[in-house]
file final.txt (compact mmCIF, C-alpha atoms)
# COMPACT_ATOMS: atom_id res chain seq x y z
CA MET A 17 146.38 100.99 183.64
CA TYR A 18 146.87 104.72 183.22
CA PRO A 19 144.27 107.07 184.68
CA VAL A 20 142.36 109.50 182.50
CA ILE A 21 144.55 112.59 182.24
CA VAL A 22 142.58 115.80 182.54
CA ILE A 23 144.31 119.03 181.62
CA SER A 24 142.92 122.40 182.61
CA ARG A 25 144.79 125.44 181.41
CA GLU A 26 145.12 129.19 181.25
CA TYR A 27 144.37 130.60 177.83
CA GLY A 28 147.58 130.73 175.78
CA SER A 29 149.57 128.54 178.19
CA GLY A 30 149.90 125.75 175.64
CA GLY A 31 147.98 123.28 177.81
CA ARG A 32 146.36 121.80 174.73
CA ASP A 33 149.78 121.16 173.15
CA VAL A 34 150.95 119.55 176.39
CA GLY A 35 147.91 117.27 176.31
CA GLN A 36 148.45 116.31 172.70
CA LYS A 37 152.10 115.50 173.38
CA VAL A 38 151.21 113.37 176.42
CA ALA A 39 148.65 111.43 174.35
CA GLU A 40 151.27 110.80 171.65
CA MET A 41 153.92 109.73 174.16
CA LEU A 42 151.55 107.30 175.91
CA ASP A 43 149.84 106.28 172.69
CA ILE A 44 146.36 106.95 174.06
CA PRO A 45 143.49 109.00 172.56
CA PHE A 46 143.43 112.78 172.80
CA TYR A 47 139.93 114.24 173.04
CA ASP A 48 139.26 117.85 172.26
CA GLY A 49 137.82 118.41 168.79
CA THR A 50 136.17 114.98 168.98
CA ILE A 51 134.11 116.05 171.98
CA ILE A 52 133.03 119.29 170.32
CA GLN A 53 132.06 117.42 167.15
CA ALA A 54 130.10 114.78 169.05
CA VAL A 55 128.20 117.45 170.97
CA ALA A 56 127.57 119.32 167.70
CA ASP A 57 126.27 116.19 166.01
CA GLU A 58 123.86 115.41 168.81
CA SER A 59 122.68 118.93 169.59
CA GLY A 60 122.44 120.41 166.13
CA TYR A 61 124.51 123.44 167.16
CA THR A 62 127.57 124.29 165.06
CA PRO A 63 131.02 123.30 166.38
CA GLU A 64 131.90 127.02 166.60
CA TYR A 65 128.89 127.72 168.79
CA ILE A 66 129.72 124.73 171.03
CA LYS A 67 133.36 125.81 171.30
CA ASP A 68 132.25 129.18 172.51
CA LYS A 69 129.44 128.08 174.83
CA ALA A 70 131.06 124.94 176.18
CA GLU A 71 133.88 126.45 178.14
CA TYR A 72 133.23 130.11 178.65
CA THR A 73 130.60 132.01 180.51
CA THR A 74 130.33 135.56 179.40
CA GLY A 75 126.99 136.30 181.03
CA VAL A 76 127.98 137.09 184.58
CA ASN A 77 124.30 137.32 185.47
CA GLN A 78 124.03 133.58 185.72
CA TRP A 79 126.67 133.56 188.35
CA PHE A 80 124.86 136.10 190.47
CA THR A 81 121.42 134.62 190.05
CA GLY A 82 122.54 131.25 191.35
CA SER A 83 124.34 128.24 189.98
CA PHE A 84 123.66 125.18 187.90
CA PHE A 85 122.67 123.42 191.12
CA SER A 86 120.20 125.97 192.46
CA SER A 87 116.52 125.08 192.55
CA SER A 88 115.47 128.09 190.50
CA TYR A 89 117.39 126.63 187.59
CA ILE A 90 115.96 127.23 184.10
CA SER A 91 117.50 125.30 181.22
CA ASN A 92 119.25 127.31 178.51
CA PRO A 93 121.45 126.39 175.51
CA GLN A 94 124.61 126.56 177.60
CA ASP A 95 123.21 124.18 180.20
CA GLN A 96 121.99 121.80 177.52
CA ILE A 97 125.44 121.81 175.96
CA PHE A 98 127.04 121.20 179.34
CA GLU A 99 124.84 118.18 179.98
CA LEU A 100 125.48 116.76 176.53
CA GLN A 101 129.19 117.46 176.81
CA SER A 102 129.30 115.75 180.21
CA ARG A 103 127.80 112.64 178.66
CA VAL A 104 130.35 112.68 175.83
CA VAL A 105 133.24 113.20 178.29
CA LEU A 106 132.02 110.21 180.31
CA GLU A 107 131.72 108.04 177.19
CA CYS A 108 135.29 108.94 176.14
CA ALA A 109 136.68 108.23 179.61
CA ARG A 110 134.88 104.91 179.89
CA LYS A 111 136.59 103.66 176.73
CA GLY A 112 139.91 103.66 178.62
CA PRO A 113 142.94 105.85 179.37
CA CYS A 114 142.96 109.09 177.38
CA VAL A 115 143.74 112.79 177.60
CA ILE A 116 140.88 115.28 177.91
CA VAL A 117 141.50 119.02 177.82
CA GLY A 118 139.20 121.34 179.76
CA ARG A 119 135.42 120.86 179.74
CA CYS A 120 135.19 120.50 183.55
CA ALA A 121 136.24 116.89 182.93
CA ASP A 122 138.03 116.67 186.30
CA TYR A 123 134.75 117.37 188.07
CA ILE A 124 132.56 115.25 185.78
CA LEU A 125 134.83 112.22 186.13
CA GLU A 126 135.23 112.61 189.89
CA LYS A 127 131.45 112.50 190.27
CA ALA A 128 131.45 109.32 188.17
CA GLU A 129 134.27 107.90 190.34
CA ILE A 130 136.62 107.50 187.39
CA GLU A 131 140.30 107.77 188.32
CA THR A 132 141.99 110.85 186.90
CA LEU A 133 145.30 112.65 187.02
CA ASN A 134 144.35 116.32 187.26
CA VAL A 135 146.79 118.81 185.79
CA PHE A 136 146.65 122.59 185.54
CA ILE A 137 148.93 124.40 183.08
CA HIS A 138 149.64 128.10 183.41
CA ALA A 139 152.32 130.52 182.25
CA ASP A 140 153.55 134.07 182.65
CA ILE A 141 151.76 136.71 180.61
CA GLN A 142 154.67 137.22 178.20
CA SER A 143 154.82 133.55 177.15
CA ARG A 144 151.05 133.47 176.74
CA LYS A 145 151.03 136.61 174.62
CA GLU A 146 153.74 135.24 172.35
CA ARG A 147 151.97 131.91 171.99
CA VAL A 148 148.61 133.44 171.15
CA LEU A 149 150.12 135.86 168.63
CA SER A 150 152.21 133.11 167.00
CA ARG A 151 149.19 130.93 166.35
CA ASN A 152 147.51 133.67 164.37
CA ASP A 153 144.25 133.45 166.27
CA ASP A 154 141.86 136.25 165.63
CA VAL A 155 143.31 138.27 168.50
CA PRO A 156 142.23 141.86 169.19
CA GLU A 157 144.73 144.65 169.67
CA HIS A 158 144.91 144.53 173.47
CA VAL A 159 146.21 140.98 173.91
CA GLU A 160 146.56 141.09 177.68
CA LYS A 161 142.97 142.23 178.16
CA TYR A 162 141.89 139.49 175.75
CA LEU A 163 143.76 136.78 177.71
CA GLU A 164 142.28 138.07 180.94
CA ARG A 165 138.77 138.00 179.49
CA ARG A 166 139.14 134.45 178.19
CA ASP A 167 140.37 133.22 181.57
CA LYS A 168 137.61 135.07 183.37
CA GLY A 169 135.13 133.26 181.13
CA ARG A 170 136.69 129.87 181.89
CA LYS A 171 136.81 130.62 185.59
CA ALA A 172 133.15 131.66 185.70
CA TYR A 173 132.10 128.65 183.62
CA TYR A 174 134.00 126.25 185.87
CA ARG A 175 132.60 127.86 189.01
CA TYR A 176 129.06 127.80 187.67
CA TYR A 177 129.08 124.11 186.76
CA THR A 178 131.34 122.68 189.45
CA ASP A 179 131.01 125.08 192.38
CA ARG A 180 134.80 125.00 192.60
CA LYS A 181 137.54 127.53 192.02
CA TRP A 182 139.34 127.14 188.69
CA GLY A 183 143.12 127.01 189.18
CA ASP A 184 142.86 126.38 192.94
CA TYR A 185 145.69 124.03 193.89
CA HIS A 186 143.37 121.77 195.89
CA ASN A 187 141.84 120.51 192.63
CA TYR A 188 145.04 119.42 190.86
CA HIS A 189 147.76 116.83 191.41
CA LEU A 190 150.18 118.81 189.25
CA ASN A 191 150.14 122.52 188.61
CA LEU A 192 152.85 123.42 186.08
CA ASP A 193 154.24 126.68 184.73
CA SER A 194 154.74 125.95 181.01
CA GLY A 195 156.41 129.34 180.50
CA TYR A 196 159.22 128.28 182.82
CA LEU A 197 159.25 124.53 182.22
CA GLY A 198 158.45 124.41 178.50
CA ILE A 199 155.76 122.34 176.77
CA ASP A 200 157.92 119.23 176.27
CA TYR A 201 159.08 119.06 179.85
CA CYS A 202 155.53 119.57 181.18
CA ALA A 203 154.47 116.61 179.04
CA GLN A 204 157.44 114.60 180.34
CA ILE A 205 156.48 115.22 183.99
CA ILE A 206 152.92 114.06 183.29
CA VAL A 207 154.06 110.95 181.43
CA ASP A 208 156.58 110.09 184.18
CA THR A 209 153.86 110.57 186.80
CA VAL A 210 151.35 108.17 185.25
CA LYS A 211 154.12 105.64 184.65
CA MET A 212 155.33 105.98 188.24
CA LYS A 213 151.86 105.39 189.75
CA MET B 20 174.36 126.42 188.40
CA TYR B 21 171.19 125.42 190.19
CA PRO B 22 168.77 128.13 191.27
CA VAL B 23 167.80 128.57 194.90
CA ILE B 24 164.93 126.17 195.51
CA VAL B 25 162.18 127.71 197.60
CA ILE B 26 159.52 125.42 198.99
CA SER B 27 156.25 126.74 200.35
CA ARG B 28 153.86 124.20 201.81
CA GLU B 29 150.59 123.44 203.46
CA TYR B 30 150.92 122.42 207.07
CA GLY B 31 151.36 118.64 207.27
CA SER B 32 151.99 118.19 203.54
CA GLY B 33 155.57 117.05 204.12
CA GLY B 34 157.01 120.00 202.19
CA ARG B 35 159.88 120.21 204.63
CA ASP B 36 160.75 116.54 204.04
CA VAL B 37 160.59 117.12 200.28
CA GLY B 38 163.01 120.04 200.68
CA GLN B 39 165.41 118.02 202.82
CA LYS B 40 165.38 115.19 200.30
CA VAL B 41 166.04 117.57 197.39
CA ALA B 42 168.98 119.12 199.25
CA GLU B 43 170.45 115.65 199.89
CA MET B 44 169.97 114.56 196.28
CA LEU B 45 171.61 117.70 194.89
CA ASP B 46 174.17 117.89 197.71
CA ILE B 47 173.36 121.51 198.51
CA PRO B 48 172.56 123.14 201.89
CA PHE B 49 169.09 122.89 203.40
CA TYR B 50 168.12 125.94 205.45
CA ASP B 51 165.34 125.81 207.96
CA GLY B 52 166.54 125.47 211.54
CA THR B 53 169.70 127.38 210.59
CA ILE B 54 167.65 130.44 209.70
CA ILE B 55 165.66 130.30 212.89
CA GLN B 56 168.84 129.92 214.95
CA ALA B 57 170.57 132.82 213.18
CA VAL B 58 167.58 135.07 213.75
CA ALA B 59 167.44 133.95 217.38
CA ASP B 60 171.14 134.68 217.87
CA GLU B 61 170.86 138.18 216.42
CA SER B 62 167.56 139.18 217.94
CA GLY B 63 167.80 137.68 221.38
CA TYR B 64 164.40 135.98 221.03
CA THR B 65 164.23 132.25 221.67
CA PRO B 66 164.10 129.89 218.66
CA GLU B 67 160.60 128.80 219.77
CA TYR B 68 159.36 132.38 219.74
CA ILE B 69 160.90 132.96 216.29
CA LYS B 70 159.40 129.75 214.94
CA ASP B 71 155.99 130.91 216.02
CA LYS B 72 156.29 134.55 214.98
CA ALA B 73 158.26 134.08 211.79
CA GLU B 74 155.72 132.29 209.68
CA TYR B 75 152.32 132.69 211.23
CA THR B 76 150.13 135.65 211.80
CA THR B 77 147.47 134.99 214.36
CA GLY B 78 146.51 138.59 214.97
CA VAL B 79 144.09 139.26 212.14
CA ASN B 80 143.96 142.90 213.22
CA GLN B 81 147.19 143.65 211.47
CA TRP B 82 145.72 142.48 208.22
CA PHE B 83 142.77 144.79 208.50
CA THR B 84 144.69 147.84 209.68
CA GLY B 85 146.99 147.79 206.66
CA SER B 86 150.04 145.88 205.55
CA PHE B 87 153.77 145.86 206.10
CA PHE B 88 154.02 148.39 203.28
CA SER B 89 151.48 150.91 204.51
CA SER B 90 152.69 154.28 205.69
CA SER B 91 151.05 153.99 209.10
CA TYR B 92 153.39 151.14 209.87
CA ILE B 93 154.54 150.75 213.47
CA SER B 94 157.34 148.30 214.14
CA ASN B 95 156.53 145.32 216.35
CA PRO B 96 158.42 142.12 217.26
CA GLN B 97 156.96 140.25 214.29
CA ASP B 98 158.10 142.91 211.83
CA GLN B 99 161.53 143.04 213.41
CA ILE B 100 161.81 139.28 213.08
CA PHE B 101 160.66 139.47 209.46
CA GLU B 102 163.33 142.03 208.61
CA LEU B 103 166.03 140.07 210.34
CA GLN B 104 164.84 136.82 208.79
CA SER B 105 164.84 138.43 205.33
CA ARG B 106 168.46 139.39 205.80
CA VAL B 107 169.39 135.86 206.88
CA VAL B 108 167.48 134.36 203.90
CA LEU B 109 169.39 136.66 201.56
CA GLU B 110 172.72 135.76 203.14
CA CYS B 111 171.99 132.05 202.75
CA ALA B 112 170.90 132.45 199.12
CA ARG B 113 173.94 134.52 198.22
CA LYS B 114 176.24 131.72 199.34
CA GLY B 115 175.01 129.63 196.38
CA PRO B 116 172.38 127.04 195.43
CA CYS B 117 170.39 125.78 198.41
CA VAL B 118 166.92 124.78 199.55
CA ILE B 119 164.91 127.19 201.71
CA VAL B 120 161.56 126.21 203.18
CA GLY B 121 158.90 128.87 203.75
CA ARG B 122 159.79 132.26 205.24
CA CYS B 123 158.44 134.20 202.23
CA ALA B 124 161.80 133.40 200.62
CA ASP B 125 160.27 133.34 197.11
CA TYR B 126 159.25 136.98 197.53
CA ILE B 127 162.41 138.12 199.34
CA LEU B 128 164.69 136.58 196.69
CA GLU B 129 162.62 137.87 193.77
CA LYS B 130 162.99 141.41 195.11
CA ALA B 131 166.75 140.82 195.31
CA GLU B 132 166.71 139.43 191.74
CA ILE B 133 168.09 136.07 192.80
CA GLU B 134 167.00 133.21 190.55
CA THR B 135 164.69 130.73 192.26
CA LEU B 136 162.65 127.65 191.50
CA ASN B 137 159.40 128.22 193.38
CA VAL B 138 157.57 125.13 194.55
CA PHE B 139 154.35 124.73 196.50
CA ILE B 140 153.57 121.41 198.19
CA HIS B 141 150.04 120.52 199.28
CA ALA B 142 148.10 117.37 200.06
CA ASP B 143 144.62 116.08 200.79
CA ILE B 144 143.41 116.46 204.35
CA GLN B 145 143.69 112.74 205.15
CA SER B 146 147.38 112.54 204.25
CA ARG B 147 148.08 115.69 206.21
CA LYS B 148 146.24 114.41 209.28
CA GLU B 149 148.16 111.14 209.19
CA ARG B 150 151.47 112.92 208.78
CA VAL B 151 150.89 115.36 211.62
CA LEU B 152 149.68 112.61 213.98
CA SER B 153 152.61 110.34 213.06
CA ARG B 154 155.20 112.95 213.95
CA ASN B 155 153.82 113.27 217.46
CA ASP B 156 153.57 117.03 217.37
CA ASP B 157 151.63 118.56 220.19
CA VAL B 158 148.40 118.32 218.22
CA PRO B 159 145.05 119.20 219.76
CA GLU B 160 142.04 116.91 219.51
CA HIS B 161 140.45 118.47 216.43
CA VAL B 162 143.25 117.91 213.93
CA GLU B 163 141.43 119.28 210.89
CA LYS B 164 140.64 122.56 212.65
CA TYR B 165 144.26 122.71 213.76
CA LEU B 166 145.58 122.24 210.20
CA GLU B 167 143.17 124.86 208.94
CA ARG B 168 144.29 127.33 211.61
CA ARG B 169 147.98 126.79 210.86
CA ASP B 170 147.42 127.37 207.13
CA LYS B 171 145.29 130.43 207.79
CA GLY B 172 148.19 131.82 209.83
CA ARG B 173 150.67 131.14 207.03
CA LYS B 174 148.35 132.62 204.44
CA ALA B 175 147.81 135.80 206.46
CA TYR B 176 151.53 136.11 207.20
CA TYR B 177 152.44 135.70 203.54
CA ARG B 178 149.78 138.17 202.46
CA TYR B 179 150.85 140.70 205.06
CA TYR B 180 154.52 140.67 204.11
CA THR B 181 154.34 140.05 200.37
CA ASP B 182 150.95 141.41 199.32
CA ARG B 183 150.47 138.14 197.40
CA LYS B 184 148.15 135.20 197.77
CA TRP B 185 149.76 132.14 199.36
CA GLY B 186 149.21 129.02 197.24
CA ASP B 187 148.12 131.01 194.15
CA TYR B 188 149.46 129.17 191.09
CA HIS B 189 150.84 132.38 189.57
CA ASN B 190 153.59 132.40 192.22
CA TYR B 191 154.97 128.88 191.68
CA HIS B 192 156.70 126.99 188.88
CA LEU B 193 155.62 123.67 190.35
CA ASN B 194 152.62 123.02 192.53
CA LEU B 195 152.62 119.39 193.68
CA ASP B 196 150.17 117.19 195.57
CA SER B 197 152.42 115.17 197.88
CA GLY B 198 149.45 113.07 199.06
CA TYR B 199 149.01 111.74 195.54
CA LEU B 200 152.61 111.86 194.29
CA GLY B 201 154.47 110.90 197.47
CA ILE B 202 157.40 112.72 199.09
CA ASP B 203 160.12 110.93 197.13
CA TYR B 204 158.53 111.53 193.75
CA CYS B 205 157.92 115.22 194.54
CA ALA B 206 161.62 115.51 195.34
CA GLN B 207 162.47 113.67 192.12
CA ILE B 208 160.41 116.12 190.00
CA ILE B 209 162.17 119.08 191.61
CA VAL B 210 165.62 117.56 191.12
CA ASP B 211 164.86 116.66 187.49
CA THR B 212 163.59 120.19 186.90
CA VAL B 213 166.69 121.98 188.14
CA LYS B 214 168.89 119.53 186.24
CA MET B 215 166.84 120.04 183.07
CA LYS B 216 167.10 123.85 183.19

call {"tool": "encode", "arguments": {"input": "final.txt", "output": "structure tokens"}}
result
Amino acid sequence: MYPVIVISREYGSGGRDVGQKVAEMLDIPFYDGTIIQAVADESGYTPEYIKDKAEYTTGVNQWFTGSFFSSSYISNPQDQIFELQSRVVLECARKGPCVIVGRCADYILEKAEIETLNVFIHADIQSRKERVLSRNDDVPEHVEKYLERRDKGRKAYYRYYTDRKWGDYHNYHLNLDSGYLGIDYCAQIIVDTVKMK
Amino acid sequence: MYPVIVISREYGSGGRDVGQKVAEMLDIPFYDGTIIQAVADESGYTPEYIKDKAEYTTGVNQWFTGSFFSSSYISNPQDQIFELQSRVVLECARKGPCVIVGRCADYILEKAEIETLNVFIHADIQSRKERVLSRNDDVPEHVEKYLERRDKGRKAYYRYYTDRKWGDYHNYHLNLDSGYLGIDYCAQIIVDTVKMK
């Protein structure tokens, strides 16, 4: 049986597209919007609010005043969302092989001793800029600064909830440059890998 | 035409074996000992001395007193070996497609605008321990400490000569966990990648 495939990614690297493609090729579920919706349904927050709070930390204060694990921990909306999201991620993974993008799923599933293939997708700044601009996101004028800020948010969020370094090679079985390799070929490597195992 | 394949690796991850396998599969030269011997021949140092000085920095002082690029630079045997080694790496790469392991070749060839596929091979500590013990290297009692020290040396060396972070995903097209994927499959991914491009 295939493992759960967890894809972490730089903003604009197309990691989500890679994940979707892998799910199609292996004919297994792809969880992204589903998780956000489930968390929204249970928490009462809007999907937009979840999307923003459930993968990015903008308040650097949290990081300096401790971590999710410290004893002086006071619950806040972001922590509540993380806990709820963790439960949803676990429920998805327990249903069987699937693809989950982001959401600290690698960490959550490792703690639950669920077998995963952990993938990190990144790309050069030019490819990421082009991708973000082509999808007509609401992107501010200084695209590079924007990409940097999004990744900083993801990095801080991941560090806060997992105590690990986002993007650090130790945490991934495959770390792929989608700018060089292309989305389709990244998906092919992942599919070949789970079939090979 | 294939690019030059540059393989960086954690100590004990089997990155050298991956490189050798790739070279065999693509029927292109594999440079490792050749480079050391060429540097030895030109410099007059023994191959053992080169091997030790040409990829590891043990003197942390250097790192704190500046870098290879700083103006207060005073030549020493390690720097001389680096310069000579860089020349040999360039000569090898200019002959045509090949596999080069370590030696900051990714950086040296980028500066010379030679096309490369940059790969980083790593593995979990258990696989690395087993590999190092099985090859009967002269390994001290505390294997984990030994592995850590070797990698610290490589990291400092790479930082000193390239001003980049060794193992940082930005620097590699493929970053593969040989403990999980196995040596043969890592080689297969690399071969498929250069054939795909």

call {"tool": "closest_residue", "arguments": {"input": "final.txt", "among": "B:Ile144, B:Glu163, B:Met20, B:Glu149", "to": "Leu45 (chain B)", "atoms": "all atoms listed in the file"}}
result
B:Met20

call {"tool": "residues_around", "arguments": {"input": "final.txt", "residues": "Tyr199 (chain B)", "least_positions_apart": "2", "cutoff": "8 Å", "atoms": "only C-alpha atoms", "output": "MDAnalysis selection string"}}
result
(chainID A and resid 189) or (chainID B and resid 142 196:197 201)

call {"tool": "atom_distance", "arguments": {"input": "final.txt", "atom1": "CA of Glu102 (chain B)", "atom2": "CA of Val58 (chain B)"}}
result
9.6 Å

call {"tool": "interface_residues", "arguments": {"input": "final.txt", "of": "chain A", "to": "chain B", "cutoff": "9 Å", "atoms": "only C-alpha atoms", "output": "short mmCIF file (atom, residue, chain, number, x, y, z; two decimals) with C-alpha atoms, in the frame of the given file"}}
result
data_model
loop_
_atom_site.label_atom_id
_atom_site.label_comp_id
_atom_site.auth_asym_id
_atom_site.auth_seq_id
_atom_site.Cartn_x
_atom_site.Cartn_y
_atom_site.Cartn_z
CA HIS A 138 149.64 128.10 183.41
CA ALA A 139 152.32 130.52 182.25
CA ASP A 140 153.55 134.07 182.65
CA GLY A 183 143.12 127.01 189.18
CA ASP A 184 142.86 126.38 192.94
CA TYR A 185 145.69 124.03 193.89
CA HIS A 186 143.37 121.77 195.89
CA TYR A 188 145.04 119.42 190.86
CA HIS A 189 147.76 116.83 191.41
CA LEU A 190 150.18 118.81 189.25
CA ASN A 191 150.14 122.52 188.61
CA LEU A 192 152.85 123.42 186.08
CA ASP A 193 154.24 126.68 184.73
CA SER A 194 154.74 125.95 181.01
CA GLY A 195 156.41 129.34 180.50
CA TYR A 196 159.22 128.28 182.82
CA LEU A 197 159.25 124.53 182.22
CA TYR A 201 159.08 119.06 179.85
CA ILE A 205 156.48 115.22 183.99
CA THR A 209 153.86 110.57 186.80
CA MET A 212 155.33 105.98 188.24
CA LYS A 213 151.86 105.39 189.75
#

call {"tool": "residues_around", "arguments": {"input": "final.txt", "residues": "Pro63 (chain A)", "least_positions_apart": "3", "cutoff": "9 Å", "atoms": "all atoms listed in the file", "output": "list in words"}}
result
Gly49, Ile52, Gln53, Ala54, Val55, Ala56, Asp57, Ile66, Lys67 and Asp68 of chain A

call {"tool": "atom_distance", "arguments": {"input": "final.txt", "atom1": "CA of Arg175 (chain A)", "atom2": "CA of Cys108 (chain A)"}}
result
23.0 Å

call {"tool": "residues_around", "arguments": {"input": "final.txt", "residues": "Arg113 (chain B)", "least_positions_apart": "5", "cutoff": "12 Å", "atoms": "all atoms listed in the file", "output": "list in words"}}
result
Pro22, Val23, Arg106, Val107, Val108, Leu128, Ala131, Glu132, Ile133, Glu134 and Thr135 of chain B

call {"tool": "residues_around", "arguments": {"input": "final.txt", "residues": "Tyr126 (chain B)", "least_positions_apart": "3", "cutoff": "10 Å", "atoms": "only C-alpha atoms", "output": "PyMOL selection string"}}
result
chain B and resi 25+105+122-123+129-132+135+137+177+180-183+190

call {"tool": "atom_distance", "arguments": {"input": "final.txt", "atom1": "CA of Asp33 (chain A)", "atom2": "CA of Val155 (chain A)"}}
result
18.9 Å

call {"tool": "closest_residue", "arguments": {"input": "final.txt", "among": "A:Tyr18, A:Tyr162, A:Tyr65, A:Tyr176", "to": "Pro45 (chain A)", "atoms": "only C-alpha atoms"}}
result
A:Tyr18

call {"tool": "decode", "arguments": {"input": "final.txt", "residues": "region 156-185 of chain B", "atoms": "C-alpha atoms", "output": "PDB file, in the first residue's frame"}}
result
ATOM      1  CA  ASP B 156      37.135   2.803   7.736  1.00  0.00           C
ATOM      2  CA  ASP B 157      39.307   3.722  10.662  1.00  0.00           C
ATOM      3  CA  VAL B 158      36.280   4.774  12.694  1.00  0.00           C
ATOM      4  CA  PRO B 159      36.574   5.775  16.337  1.00  0.00           C
ATOM      5  CA  GLU B 160      34.327   4.325  19.028  1.00  0.00           C
ATOM      6  CA  HIS B 161      31.689   7.069  19.020  1.00  0.00           C
ATOM      7  CA  VAL B 162      30.489   6.772  15.433  1.00  0.00           C
ATOM      8  CA  GLU B 163      27.728   9.370  15.666  1.00  0.00           C
ATOM      9  CA  LYS B 164      30.104  12.010  17.001  1.00  0.00           C
ATOM     10  CA  TYR B 165      32.530  11.077  14.239  1.00  0.00           C
ATOM     11  CA  LEU B 166      29.888  11.496  11.510  1.00  0.00           C
ATOM     12  CA  GLU B 167      28.845  14.812  12.991  1.00  0.00           C
ATOM     13  CA  ARG B 168      32.444  16.031  13.066  1.00  0.00           C
ATOM     14  CA  ARG B 169      33.073  15.031   9.449  1.00  0.00           C
ATOM     15  CA  ASP B 170      29.936  16.851   8.285  1.00  0.00           C
ATOM     16  CA  LYS B 171      30.791  19.913  10.343  1.00  0.00           C
ATOM     17  CA  GLY B 172      34.158  19.974   8.587  1.00  0.00           C
ATOM     18  CA  ARG B 173      32.539  19.730   5.153  1.00  0.00           C
ATOM     19  CA  LYS B 174      29.994  22.382   6.025  1.00  0.00           C
ATOM     20  CA  ALA B 175      32.663  24.807   7.263  1.00  0.00           C
ATOM     21  CA  TYR B 176      34.866  24.113   4.246  1.00  0.00           C
ATOM     22  CA  TYR B 177      31.996  24.712   1.830  1.00  0.00           C
ATOM     23  CA  ARG B 178      30.953  27.876   3.629  1.00  0.00           C
ATOM     24  CA  TYR B 179      34.498  29.189   3.707  1.00  0.00           C
ATOM     25  CA  TYR B 180      35.148  28.723   0.000  1.00  0.00           C
ATOM     26  CA  THR B 181      31.696  29.364  -1.459  1.00  0.00           C
ATOM     27  CA  ASP B 182      29.981  31.637   1.055  1.00  0.00           C
ATOM     28  CA  ARG B 183      26.971  29.303   0.784  1.00  0.00           C
ATOM     29  CA  LYS B 184      25.266  26.918   3.148  1.00  0.00           C
ATOM     30  CA  TRP B 185      26.106  23.262   2.541  1.00  0.00           C
TER      31      TRP B 185
END
